[in-house]
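See below for the structure under consideration.
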Amino acid sequence: MMIASFFLLLFLTEYLPHRVCLYVSAVDGVVPEQNCSYQDVLNYLNLTKDNELFSTARPVKNYKNPTRVSLEVLLYAILDVVEKEQKFIPYVWTVMRWHNEYISWDPKQFCGINNVSLPTDYLWKPDLTIEEMTEKDKAPPSPYLTINNKGDVEVQNDQVLVSTCRMHTYTFPFDIQRCNLTFKSVIHTARDIQLLSSDNSSEATECSREVMRTQYEWLFLNMTVTTNNATDMFGQDIVIYSITMKRRSLLYIVNFLVPVIFFLCLDLASFMISDNGGEKLSFKVTVLLAVTVLQLILNEILPASSNRIPLIAVYCIGIFALMLLSLLETIFVMHLMEKDSASQENEANIDQSGSKDCNKQSKDNIHNSHREVHKWTECACIYDVSTGETPSELLPVAKEGNSSKLTEEYHALEKLSDELRAMEKTLSLLLSNRKEKEKPGYWTGVAKIVNRVFLIFYLTVVCVFLIVIFIKWNNA
């Protein structure tokens, strides 16, 4: 009977360790419960909250043995990218694994239990940090860690990271950003902690694409894993996860680039508006103000500190400068046309004043002639009574004297009339020469020529500028 019990116990312990939770006592044949609870494992390992030995000291039996910490990072989501503040906010899942030399047990003695979960405060953990992190993680840390029977410890944690990232906005909104997450120990050197990555770049990229939840306005391209081992024992090992992402530019094209092109087309269409009134000038000023509003919106997006001026800023400033040049040309053309109208008004005023002066002079000459004739007539009718001569006797003498005087005055008037005619011919010749040099509408014709030449120049410069900008965007 004792021999049969012995062979039965041997069979149960050797061949059915994971299914049988009872054992047969070789002494009295009683079948009590075996150690099949997690607490039994913790009690066996002496892992309690009061035991601070496991939670404070690095778990090695010889301090010369470094603790190898394996790190795995998965990108779950791209929550936000703030270009103005140069911040990158991802949601990542981190897994740390290391070996604790004081932890081990035989699963056969505990019904096949080969791993146990316990609070994170019970054991020592690597003091890993992220260099780029600027704010404390807002997500609560994982309260538990997992240990296995070989002494391997694993901590899984999800983190919302607010990290710095150097944004290169030269090709905005067609830019590709690359943000790093650099993991290292806070105080331990390579003599204490050897940090390494558990997966390569392709595995990290594929796993991140599978678990990706949201990407905001970005398209996740890849994740590159780089391990930099310390050159001496006093340095620190670091693991760098580089996240490469591309901006989805469609929204910026529709809401920003295309409206600027539309405003430029409106400015080109304004050349068909007449320059006589002020409608063309006010229209151009309105379009220029609209582009200024878009520039203010752009200023709120792009970072203030940048090594190179973004192409989109060059694009806006260039179009703004072209439209400003068009506005100045409109002002110049309107000035020429105003000068032409002012010269025509002055000529009209001169002609009216000259005709008035000529009429007045002719009237004065006629009036003076009549007055002289009247005077001569009166002189001819005066006689001296004291001489005793009769009027009939004096009449022939008066007639002879008056006729001679009238003849002399007549010749003088003819001479004056000839001189006036000569002066009139000279004045008309001068006026005709001036009108040949400056015809009515002369400056208007100059303004039209300037408008045509500037339109051709404007179209050429606009096409060249846009082609160069889009080539740079494509090649950058």
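Naming scheme: A, B, ... for chains in displayed order of the structure tokens; residues 1 onward per chain; ligands 1 onward as shown.
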Those in range 58-297 of chain A with helix (DSSP H, G or I) from DSSP, as an MDAnalysis selection string: chainID A and resid 107:110 120:122 201:211 250:272 279:297
Coordinates-based distance that separates CA of Arg166 in chain A from CA of Ile319 in chain A (Å, one decimal):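 Going from CA of Ile319 in chain A over to CA of Arg166 in chain A, I get 28.6 Å.
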DSSP strand (DSSP E) selection over range 150-184 of chain A, as an NGL selection string: :A and (152-160 or 163-164 or 176-184)
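When the distance limit is 6 Å and only C-alpha atoms are what count, the residues near range 206-213 of chain A, minus those fewer than 6 positions from it on the same chain, are A:Leu74, A:Leu75, A:Tyr76, A:Ala77.
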Selection: 10 Å around range 292-309 of chain A, only C-alpha atoms, excl. self and same-chain fewer than 4 positions, as a ChimeraX atom specification: /A:82-86,166-172,255-257,259-260,286-288,313-314,316-317,320
CA of Thr164 in chain A to CA of Glu132 in chain A, straight-line distance in Å: 5.3 Å
Nearest-residue call for Ser274 in chain A, choices A:Arg68, A:Thr330, A:Val160, A:Asn62, using only C-alpha atoms: A:Thr330
Shortest interatomic distance to Val186 in chain A - which of A:Gly235, A:Asn157, A:Asn149, A:Trp218, counting only C-alpha atoms: A:Gly235
Between CA of Lys61 in chain A and CA of Asn148 in chain A - distance in Å to one decimal: 18.4 Å
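Between Trp473 in chain A and the candidates A:Ser201, A:Thr244, A:Ile312, A:Val155, the tightest atom-to-atom separation, counting only C-alpha atoms, involves A:Ile312.
Proximity of A:Gln156, A:Thr56, A:Thr426, A:Asn100 to Trp124 in chain A, computed with only C-alpha atoms, is greatest for A:Thr56.
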Arg58 in chain A environment, 10 Å, only C-alpha atoms, sequence neighbours closer than 4 positions dropped, as a list in words: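 The filter keeps Leu53, Phe54, Asn62, Tyr63, Pro66, Thr67, Asn100, Glu101, Leu123, Trp124, Lys125, Pro126, Asp192 and Ile193 of chain A.
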Polymer residues at most 8 Å from Arg97 in chain A, only C-alpha atoms, same-chain spacing of 2 or more positions, as a PyMOL selection string: chain A and resi 69-71+95+99+152-155
Option closest in space to Thr231 in chain A, from A:Met96, A:Met245, A:Ala190, A:Ala269 [counting only C-alpha atoms]: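 Smallest separation from Thr231 in chain A among the options: A:Ala190.
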